[in-house]
file work.csv (CSV, C-alpha atoms)
chain,number,residue,atom,x,y,z
E,946,MET,CA,-16.4,-31.8,-6.4
E,947,THR,CA,-12.8,-32.1,-7.4
E,948,ASN,CA,-10.1,-29.5,-7.6
E,949,ASN,CA,-10.3,-29.4,-11.4
E,950,GLN,CA,-14.1,-29.3,-11.5
E,951,TRP,CA,-14.2,-26.4,-9.1
E,952,LEU,CA,-11.5,-24.5,-10.9
E,953,LYS,CA,-13.4,-24.7,-14.2
E,954,GLN,CA,-16.7,-23.7,-12.6
E,955,ALA,CA,-15.2,-20.8,-10.6
E,956,THR,CA,-13.2,-19.6,-13.6
E,957,ASN,CA,-16.3,-19.6,-15.9
E,958,ASN,CA,-18.4,-17.7,-13.2
E,959,LEU,CA,-15.7,-15.1,-12.8
E,960,LYS,CA,-15.3,-14.7,-16.6
E,961,LYS,CA,-19.0,-14.1,-17.0
E,962,ALA,CA,-18.6,-11.2,-14.4
E,963,ASP,CA,-15.8,-9.7,-16.6
E,964,ILE,CA,-13.1,-10.5,-14.1
E,965,GLY,CA,-10.0,-10.4,-16.3
E,966,SER,CA,-7.9,-12.5,-13.9
E,967,ALA,CA,-10.6,-15.2,-13.5
E,968,ARG,CA,-8.4,-18.3,-13.6
E,969,LEU,CA,-5.7,-16.8,-11.4
E,970,ASP,CA,-8.2,-15.6,-8.9
E,971,ALA,CA,-9.8,-19.0,-8.7
E,972,LEU,CA,-6.5,-20.6,-8.1
E,973,ILE,CA,-5.5,-18.2,-5.4
E,974,LEU,CA,-8.8,-18.7,-3.6
E,975,LEU,CA,-8.4,-22.5,-3.8
E,976,GLU,CA,-4.8,-22.3,-2.5
E,977,ASP,CA,-5.9,-20.3,0.5
E,978,GLU,CA,-8.8,-22.6,1.4
E,979,ILE,CA,-7.2,-26.0,1.1
E,980,ASP,CA,-3.8,-24.7,2.2
E,981,GLN,CA,-1.9,-26.1,-0.8
E,982,ASP,CA,0.2,-24.3,-3.4
E,983,ARG,CA,-0.9,-24.2,-7.1
E,984,ALA,CA,1.7,-26.7,-8.2
E,985,TRP,CA,0.1,-29.3,-5.8
E,986,ILE,CA,-3.4,-28.3,-6.9
E,987,LEU,CA,-2.6,-28.7,-10.6
E,988,ALA,CA,-0.8,-32.0,-10.0
E,989,HIS,CA,-3.8,-33.3,-8.1
E,990,PRO,CA,-6.9,-32.4,-10.2
E,991,GLN,CA,-9.0,-35.3,-9.0
E,992,VAL,CA,-8.7,-34.7,-5.3
E,993,GLN,CA,-12.1,-34.0,-3.7
E,994,ILE,CA,-12.7,-30.7,-1.9
E,995,LYS,CA,-14.5,-31.0,1.4
E,996,GLN,CA,-18.0,-29.7,1.6
E,997,GLU,CA,-17.3,-27.0,4.2
E,998,GLN,CA,-14.4,-25.8,2.0
E,999,LEU,CA,-16.7,-25.7,-1.0
E,1000,ARG,CA,-19.2,-23.6,0.8
E,1001,LYS,CA,-16.6,-21.0,1.8
E,1002,LEU,CA,-15.0,-21.0,-1.7
E,1003,ASN,CA,-18.4,-20.4,-3.4
E,1004,LYS,CA,-19.1,-17.5,-1.1
E,1005,LYS,CA,-15.8,-16.0,-2.0
E,1006,VAL,CA,-16.5,-16.4,-5.7
E,1007,VAL,CA,-19.8,-14.6,-5.2
E,1008,ARG,CA,-18.0,-11.7,-3.6
E,1009,ARG,CA,-15.3,-11.6,-6.3
E,1010,LYS,CA,-18.0,-11.5,-9.0
E,1011,THR,CA,-19.0,-8.1,-7.6
E,1012,HIS,CA,-15.4,-6.9,-8.3
E,1013,GLU,CA,-14.6,-6.7,-4.7
E,1014,PRO,CA,-10.8,-6.6,-4.5
E,1015,LEU,CA,-9.3,-10.0,-4.0
E,1016,ALA,CA,-7.2,-8.7,-1.1
E,1017,TYR,CA,-10.4,-7.9,0.9
E,1018,ILE,CA,-11.8,-11.3,0.3
E,1019,ARG,CA,-8.5,-13.0,1.4
E,1020,GLY,CA,-8.0,-10.5,4.3
E,1021,PHE,CA,-4.4,-9.8,3.3
E,1022,SER,CA,-2.2,-8.6,0.6
E,1023,GLN,CA,1.5,-9.1,-0.4
E,1024,PHE,CA,3.9,-6.1,-0.4
E,1025,TYR,CA,7.6,-6.3,-0.9
E,1026,GLY,CA,7.5,-10.1,-0.4
E,1027,ARG,CA,5.6,-9.9,2.9
E,1028,LYS,CA,2.0,-10.4,4.0
E,1029,PHE,CA,-0.1,-7.5,5.3
E,1030,ARG,CA,-3.5,-7.6,6.8
E,1031,VAL,CA,-6.0,-5.4,4.9
E,1032,ASN,CA,-9.7,-4.7,5.1
E,1033,LYS,CA,-12.2,-2.2,3.6
E,1034,ARG,CA,-10.9,0.6,5.7
E,1035,VAL,CA,-7.5,0.7,4.0
E,1036,LEU,CA,-6.2,0.8,0.5
E,1037,GLU,CA,-4.6,-2.4,-0.8
E,1038,PRO,CA,-0.8,-1.9,-1.1
E,1039,ARG,CA,0.2,-1.5,-4.8
E,1040,PRO,CA,3.2,-3.0,-6.4
E,1041,GLU,CA,4.2,0.4,-7.8
E,1042,SER,CA,4.7,1.6,-4.3
E,1043,GLU,CA,7.5,-0.9,-3.7
E,1044,THR,CA,9.8,1.5,-5.7
E,1045,MET,CA,9.5,3.9,-2.8
E,1046,ILE,CA,11.2,1.4,-0.6
E,1047,ASP,CA,14.0,0.8,-3.2
E,1048,LEU,CA,14.7,4.6,-3.4
E,1049,LEU,CA,14.5,4.9,0.4
E,1050,LYS,CA,17.1,2.2,0.8
E,1051,GLU,CA,19.4,3.9,-1.7
E,1052,VAL,CA,19.2,7.2,0.2
E,1053,VAL,CA,19.7,5.7,3.7
E,1054,GLU,CA,22.5,3.4,2.6
E,1055,SER,CA,24.3,6.2,0.8
E,1056,GLY,CA,27.7,7.4,1.9
E,1057,GLU,CA,26.2,10.6,3.4
E,1058,TRP,CA,24.2,8.7,6.1
E,1059,ARG,CA,26.0,5.4,6.4
E,1060,ALA,CA,27.8,6.5,9.6
E,1061,LYS,CA,24.6,7.7,11.3
E,1062,ASN,CA,23.3,5.4,14.0
E,1063,LYS,CA,19.6,6.1,13.5
E,1064,ILE,CA,17.5,8.0,11.0
E,1065,SER,CA,14.0,9.1,11.8
E,1066,ILE,CA,11.4,8.3,9.1
E,1067,ALA,CA,7.7,9.2,9.1
E,1068,ASP,CA,5.2,7.3,7.0
E,1069,VAL,CA,2.5,9.9,6.5
E,1070,GLY,CA,-0.9,8.6,5.5
E,1071,THR,CA,0.2,5.1,6.4
E,1072,GLY,CA,-3.0,3.2,5.8
E,1073,SER,CA,-2.2,-0.5,6.4
E,1074,GLY,CA,1.3,0.5,7.5
E,1075,ALA,CA,2.9,-1.4,4.6
E,1076,LEU,CA,5.4,1.3,3.7
E,1077,GLY,CA,6.5,2.2,7.2
E,1078,ILE,CA,6.7,-1.4,8.4
E,1079,THR,CA,8.6,-2.5,5.3
E,1080,SER,CA,11.0,0.4,5.8
E,1081,ALA,CA,11.7,-0.7,9.4
E,1082,LEU,CA,12.2,-4.3,8.4
E,1083,GLU,CA,14.4,-3.6,5.4
E,1084,LEU,CA,16.6,-0.9,7.1
E,1085,HIS,CA,16.8,-2.2,10.6
E,1086,ASP,CA,17.5,-0.1,13.7
E,1087,HIS,CA,16.0,3.2,12.5
E,1088,ASN,CA,13.2,5.2,14.0
E,1089,VAL,CA,10.0,4.8,12.0
E,1090,ASP,CA,6.7,6.3,13.0
E,1091,LEU,CA,3.3,5.8,11.3
E,1092,TYR,CA,0.7,8.7,10.8
E,1093,ASP,CA,-2.8,8.6,9.6
E,1094,ILE,CA,-6.0,10.7,10.0
E,1095,ASP,CA,-8.2,7.6,10.3
E,1096,ALA,CA,-8.2,5.6,13.5
E,1097,SER,CA,-9.5,2.5,11.7
E,1098,CYS,CA,-6.5,2.6,9.4
E,1099,LEU,CA,-4.2,2.9,12.4
E,1100,ALA,CA,-5.9,-0.2,13.9
E,1101,VAL,CA,-4.9,-2.2,10.8
E,1102,ALA,CA,-1.4,-0.7,10.9
E,1103,ARG,CA,-1.0,-1.8,14.5
E,1104,HIS,CA,-2.2,-5.3,13.7
E,1105,ASN,CA,0.4,-5.4,10.9
E,1106,CYS,CA,3.1,-4.2,13.3
E,1107,ALA,CA,2.3,-7.0,15.6
E,1108,LEU,CA,2.2,-9.5,12.7
E,1109,HIS,CA,5.8,-8.5,11.9
E,1110,GLU,CA,6.9,-8.3,15.5
E,1111,LEU,CA,7.5,-4.6,15.4
E,1112,HIS,CA,6.8,-2.0,18.1
E,1113,LEU,CA,6.3,1.1,15.9
E,1114,HIS,CA,4.4,4.2,17.2
E,1115,CYS,CA,1.2,5.0,15.4
E,1116,TYR,CA,-0.2,8.6,15.6
E,1117,LYS,CA,-3.6,9.9,14.6
E,1118,ARG,CA,-2.8,13.1,12.8
E,1119,ASP,CA,-3.9,15.2,9.8
E,1120,LEU,CA,-0.9,14.5,7.6
E,1121,LEU,CA,2.1,15.7,9.7
E,1122,ASN,CA,0.3,18.1,12.0
E,1123,ARG,CA,2.0,18.1,15.4
E,1124,PRO,CA,4.9,15.6,14.6
E,1125,VAL,CA,6.3,13.9,17.6
E,1126,ARG,CA,9.9,14.3,16.6
E,1127,ASN,CA,12.2,15.7,13.8
E,1128,TYR,CA,12.4,13.5,10.7
E,1129,GLU,CA,15.2,13.1,8.2
E,1130,VAL,CA,12.9,11.3,5.7
E,1131,ILE,CA,9.2,11.5,4.9
E,1132,LEU,CA,7.4,8.8,3.0
E,1133,ALA,CA,4.2,10.3,1.6
E,1134,ASN,CA,2.0,8.0,-0.5
E,1135,LEU,CA,-1.0,10.3,-0.3
E,1136,PRO,CA,-4.3,10.1,-2.3
E,1137,TYR,CA,-3.5,11.5,-5.7
E,1138,VAL,CA,-6.3,10.5,-8.1
E,1139,PRO,CA,-8.2,13.6,-9.5
E,1140,ASN,CA,-11.8,13.7,-8.2
E,1141,ARG,CA,-13.4,13.3,-11.6
E,1142,TRP,CA,-11.3,10.4,-12.8
E,1143,LYS,CA,-13.1,7.2,-13.5
E,1144,ILE,CA,-11.7,4.3,-11.6
E,1145,ASN,CA,-12.3,0.6,-12.1
E,1146,GLN,CA,-14.9,-1.4,-10.2
E,1147,ALA,CA,-12.5,-2.9,-7.8
E,1148,ALA,CA,-10.9,0.4,-6.8
E,1149,ALA,CA,-14.4,1.9,-6.4
E,1150,MET,CA,-14.8,-0.5,-3.4
E,1151,GLU,CA,-11.8,0.9,-1.7
E,1152,PRO,CA,-12.1,3.9,0.6
E,1153,ARG,CA,-12.5,7.1,-1.4
E,1154,ILE,CA,-10.5,9.1,1.2
E,1155,ALA,CA,-7.4,7.0,0.4
E,1156,ILE,CA,-7.8,7.5,-3.4
E,1157,PHE,CA,-9.0,10.9,-4.4
E,1158,GLY,CA,-6.9,14.0,-3.9
E,1159,GLY,CA,-8.9,17.0,-5.1
E,1160,LYS,CA,-9.5,18.6,-8.5
E,1161,ASP,CA,-6.0,17.8,-9.9
E,1162,GLY,CA,-5.2,15.1,-7.3
E,1163,LEU,CA,-2.5,17.0,-5.5
E,1164,ASP,CA,-4.4,18.9,-2.8
E,1165,LEU,CA,-2.9,16.7,0.0
E,1166,TYR,CA,0.6,17.2,-1.2
E,1167,ARG,CA,0.1,21.0,-1.2
E,1168,ARG,CA,-1.1,20.8,2.4
E,1169,LEU,CA,1.8,18.6,3.4
E,1170,PHE,CA,4.5,20.9,2.0
E,1171,GLU,CA,2.7,23.9,3.6
E,1172,GLN,CA,2.8,22.1,6.9
E,1173,LEU,CA,6.5,21.4,6.5
E,1174,LYS,CA,7.2,25.1,5.8
E,1175,LYS,CA,5.9,26.0,9.3
E,1176,LEU,CA,8.1,23.5,11.2
E,1177,PRO,CA,11.3,24.6,12.9
E,1178,TRP,CA,13.0,21.8,11.1
E,1179,GLN,CA,12.7,20.3,7.6
E,1180,PRO,CA,13.4,16.7,6.5
E,1181,LYS,CA,16.3,16.1,4.2
E,1182,TYR,CA,14.3,13.9,1.8
E,1183,ILE,CA,10.6,13.5,0.9
E,1184,LEU,CA,9.4,10.5,-1.2
E,1185,THR,CA,6.1,10.8,-2.9
E,1186,GLU,CA,3.8,8.7,-5.2
E,1187,SER,CA,1.6,10.2,-7.9
E,1188,LEU,CA,0.6,9.6,-11.5
E,1189,PRO,CA,3.5,10.3,-14.0
E,1190,PRO,CA,1.5,13.1,-15.7
E,1191,GLN,CA,1.3,14.8,-12.3
E,1192,HIS,CA,5.0,14.7,-11.7
E,1193,GLN,CA,5.9,18.1,-13.2
E,1194,GLN,CA,3.2,19.9,-11.1
E,1195,LEU,CA,4.2,18.1,-8.0
E,1196,ALA,CA,7.8,19.1,-8.6
E,1197,LYS,CA,6.7,22.7,-8.7
E,1198,ILE,CA,4.8,22.3,-5.4
E,1199,ALA,CA,7.9,20.8,-3.8
E,1200,LYS,CA,10.1,23.6,-5.3
E,1201,ASP,CA,7.9,26.2,-3.6
E,1202,GLY,CA,8.7,24.4,-0.3
E,1203,ASP,CA,12.5,24.6,-1.1
E,1204,TYR,CA,12.8,21.0,-2.3
E,1205,LYS,CA,14.4,20.0,-5.6
E,1206,LEU,CA,13.7,16.9,-7.5
E,1207,ALA,CA,16.5,14.4,-7.0
E,1208,LYS,CA,15.1,11.3,-8.8
E,1209,THR,CA,12.0,10.0,-10.5
E,1210,GLU,CA,11.2,6.3,-11.0
E,1211,ASP,CA,7.9,5.2,-12.4
E,1212,PHE,CA,5.2,6.6,-10.0
E,1213,ILE,CA,7.7,7.7,-7.3
E,1214,GLN,CA,9.6,10.9,-6.9
E,1215,LEU,CA,12.4,11.7,-4.5
E,1216,PHE,CA,12.8,15.3,-3.3
E,1217,GLU,CA,15.8,16.7,-1.6
E,1218,ARG,CA,16.0,19.8,0.6
E,1219,SER,CA,17.6,22.6,-1.5
call {"tool": "encode", "arguments": {"input": "work.csv", "output": "structure tokens"}}
result
Amino acid sequence: MTNNQWLKQATNNLKKADIGSARLDALILLEDEIDQDRAWILAHPQVQIKQEQLRKLNKKVVRRKTHEPLAYIRGFSQFYGRKFRVNKRVLEPRPESETMIDLLKEVVESGEWRAKNKISIADVGTGSGALGITSALELHDHNVDLYDIDASCLAVARHNCALHELHLHCYKRDLLNRPVRNYEVILANLPYVPNRWKINQAAAMEPRIAIFGGKDGLDLYRRLFEQLKKLPWQPKYILTESLPPQHQQLAKIAKDGDYKLAKTEDFIQLFERS
């Protein structure tokens, strides 16, 4: 079977399963399997695909037809221009979370902190480690620690640290319970989807613990800010992610913890210690 024949067949199969990105998904799977980019594939429609490659490709199409996230099938996802290992124990990093890195860089590179040698940053609920690892790579020479309640998530995060040649510390904790040091900045992309919300078929295959955050979706944020109140120190900044309709309520939760809203961009909010 040629590249073009397989692409047509796979695209049709995925469309029948109501995969909206059928053509793109088929192209991505073919790129991965034959180790060629899509420009080459499209320029060589008559090249024959090897039988073993066909077998693997068709298995992946069967998985995608069930709406299994493409990242799980591939075994990795892209975040902030870098590759991260993912599996069914972690949430696939979302493009909207990249805004948190942009805001973090603005804060750390501001005049207030420019002269500081090192800033300590905690990525709370790290999952695959994408936020914390990207922070370390983008900012350089700052202390970044990764926290998660799930040991399986931390195993993935450690793998990604090794992938990017970083030696970050990973801690199994309930949010920021028993922090190992004082932190100037907290990154908190916690589960925020309300329990009764309907999610798409692909998201339904991701770990529920990483998606749902209680009746209004903000239970974990309430717990985090309560934890921070009890610490002998408080971070200067906290960055959060939630649905835009939740932002007003999350700002009230933060205000109760003596944090004021400094900036909102898309899904991300930046809170500053009052």
call {"tool": "closest_residue", "arguments": {"input": "work.csv", "among": "E:Ala1147, E:Ala984, E:Ile1078, E:Val1007", "to": "Lys1028 of chain E", "atoms": "only C-alpha atoms"}}
result
E:Ile1078
call {"tool": "closest_residue", "arguments": {"input": "work.csv", "among": "E:Leu1108, E:Ala1148, E:Ala1081, E:Leu1036", "to": "Lys1050 of chain E", "atoms": "only C-alpha atoms"}}
result
E:Ala1081
call {"tool": "residues_around", "arguments": {"input": "work.csv", "residues": "segment 1039-1049 of chain E", "least_positions_apart": "3", "cutoff": "12 Å", "atoms": "only C-alpha atoms", "output": "PyMOL selection string"}}
result
chain E and resi 1016+1022-1027+1029+1035-1036+1052-1055+1058+1064+1066-1068+1073+1075-1084+1129-1135+1148+1181-1189+1207-1216
call {"tool": "atom_distance", "arguments": {"input": "work.csv", "atom1": "atom CA of Cys1106 of chain E", "atom2": "atom CA of Glu1171 of chain E"}}
result
29.7 Å
call {"tool": "closest_residue", "arguments": {"input": "work.csv", "among": "E:Ile1144, E:Leu1176, E:Ala1196, E:Leu1091", "to": "Arg1123 of chain E", "atoms": "only C-alpha atoms"}}
result
E:Leu1176
call {"tool": "atom_distance", "arguments": {"input": "work.csv", "atom1": "atom CA of Cys1098 of chain E", "atom2": "atom CA of Arg1167 of chain E"}}
result
22.2 Å
call {"tool": "closest_residue", "arguments": {"input": "work.csv", "among": "E:Asn958, E:Ser1219, E:Gln1194, E:Thr1071", "to": "Glu1037 of chain E", "atoms": "only C-alpha atoms"}}
result
E:Thr1071
call {"tool": "atom_distance", "arguments": {"input": "work.csv", "atom1": "atom CA of Tyr1017 of chain E", "atom2": "atom CA of Asp970 of chain E"}}
result
12.7 Å
call {"tool": "closest_residue", "arguments": {"input": "work.csv", "among": "E:Asp1090, E:Phe1170, E:Pro1190, E:Gly1159", "to": "Arg1218 of chain E", "atoms": "all atoms listed in the file"}}
result
E:Phe1170
